[in-house]
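S.K.: Dumping the structure here so I can ask a few things about it.
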Amino acid sequence: MKKLLPKLIDETQSAFVQGRQILDGVLIANEVIDEAKRKKREVLMFKVDFEKAYDSVDWDFLDFVME
């Protein structure tokens with residue numbers, strides 16, 4: 001699985017990946033807001049979760065790989 005996962009996990013995935021932190025996205029958003037406030041600029045941000053992770057799992061494949 002170690003060889004396969006890098007092909008399946010997007011580089012923007014920050015949670016549940018070795019060497020990445022679940023809070024990275026939150027910290028980056030906070031830095032953008034702080035910078036906008038410092039420069040007295042308006043900023044509009046939104047977060048969209050395009051899909052439910054568990055709904056996209058191929059459970060048969062996962063079961064096969066784990067056996």
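If you're wondering about the labels, chains in the structure tokens are A, B, ... by order shown, residues count from 1 in each chain, ligands from 1 in order shown.
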Contacts of region 28-31 of chain A at 10 Å or less, counting only C-alpha atoms, minus same-chain residues fewer than 6 places along, as an mmCIF file with C-alpha atoms, in the first residue's frame?

M.R.:
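Output (part-v3.cif):
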data_model
loop_
_atom_site.group_PDB
_atom_site.id
_atom_site.type_symbol
_atom_site.label_atom_id
_atom_site.label_comp_id
_atom_site.auth_asym_id
_atom_site.auth_seq_id
_atom_site.Cartn_x
_atom_site.Cartn_y
_atom_site.Cartn_z
ATOM 1 C CA LYS A 37 -6.120 42.595 8.807
ATOM 2 C CA MET A 45 -12.813 32.955 2.384
ATOM 3 C CA PHE A 46 -14.907 29.840 2.195
ATOM 4 C CA LYS A 47 -14.331 26.134 2.663
#

S.K.: Using DSSP on the backbone, list every residue of chain A that comes out as helix (DSSP H, G or I), and give them as a PyMOL selection string.

M.R.: chain A and resi 5-8+24-38+53-56+59-66

S.K.: Restricting it to C-alpha atoms, dump the selection as a PDB file, in the first residue's frame.

M.R.:
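Printed below is out-v3.pdb as written:
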ATOM      1  CA  LEU A   5      -0.945   5.709  -1.570  1.00  0.00           C
ATOM      2  CA  PRO A   6       1.161   8.585  -2.988  1.00  0.00           C
ATOM      3  CA  LYS A   7      -0.637   8.090  -6.305  1.00  0.00           C
ATOM      4  CA  LEU A   8      -4.049   8.229  -4.627  1.00  0.00           C
ATOM      5  CA  ASP A  24      -2.281  22.933   8.492  1.00  0.00           C
ATOM      6  CA  GLY A  25      -5.338  24.182   6.593  1.00  0.00           C
ATOM      7  CA  VAL A  26      -6.652  26.059   9.618  1.00  0.00           C
ATOM      8  CA  LEU A  27      -3.258  27.643  10.316  1.00  0.00           C
ATOM      9  CA  ILE A  28      -2.863  28.785   6.710  1.00  0.00           C
ATOM     10  CA  ALA A  29      -6.363  30.296   6.726  1.00  0.00           C
ATOM     11  CA  ASN A  30      -5.541  32.088   9.980  1.00  0.00           C
ATOM     12  CA  GLU A  31      -2.327  33.503   8.486  1.00  0.00           C
ATOM     13  CA  VAL A  32      -4.235  34.820   5.451  1.00  0.00           C
ATOM     14  CA  ILE A  33      -6.792  36.528   7.697  1.00  0.00           C
ATOM     15  CA  ASP A  34      -4.087  38.032   9.933  1.00  0.00           C
ATOM     16  CA  GLU A  35      -2.211  39.374   6.897  1.00  0.00           C
ATOM     17  CA  ALA A  36      -5.393  40.896   5.473  1.00  0.00           C
ATOM     18  CA  LYS A  37      -6.120  42.595   8.807  1.00  0.00           C
ATOM     19  CA  ARG A  38      -2.549  43.862   9.063  1.00  0.00           C
ATOM     20  CA  ALA A  53     -14.365  10.565   2.168  1.00  0.00           C
ATOM     21  CA  TYR A  54     -16.021   7.392   3.401  1.00  0.00           C
ATOM     22  CA  ASP A  55     -18.520   7.440   0.527  1.00  0.00           C
ATOM     23  CA  SER A  56     -15.647   7.279  -1.960  1.00  0.00           C
ATOM     24  CA  TRP A  59     -14.470  -1.190   0.414  1.00  0.00           C
ATOM     25  CA  ASP A  60     -13.979  -4.387  -1.600  1.00  0.00           C
ATOM     26  CA  PHE A  61     -10.553  -3.173  -2.772  1.00  0.00           C
ATOM     27  CA  LEU A  62      -9.573  -2.102   0.735  1.00  0.00           C
ATOM     28  CA  ASP A  63     -10.634  -5.472   2.133  1.00  0.00           C
ATOM     29  CA  PHE A  64      -8.640  -7.254  -0.605  1.00  0.00           C
ATOM     30  CA  VAL A  65      -5.490  -5.207   0.067  1.00  0.00           C
ATOM     31  CA  MET A  66      -5.678  -5.684   3.821  1.00  0.00           C
TER      32      MET A  66
END
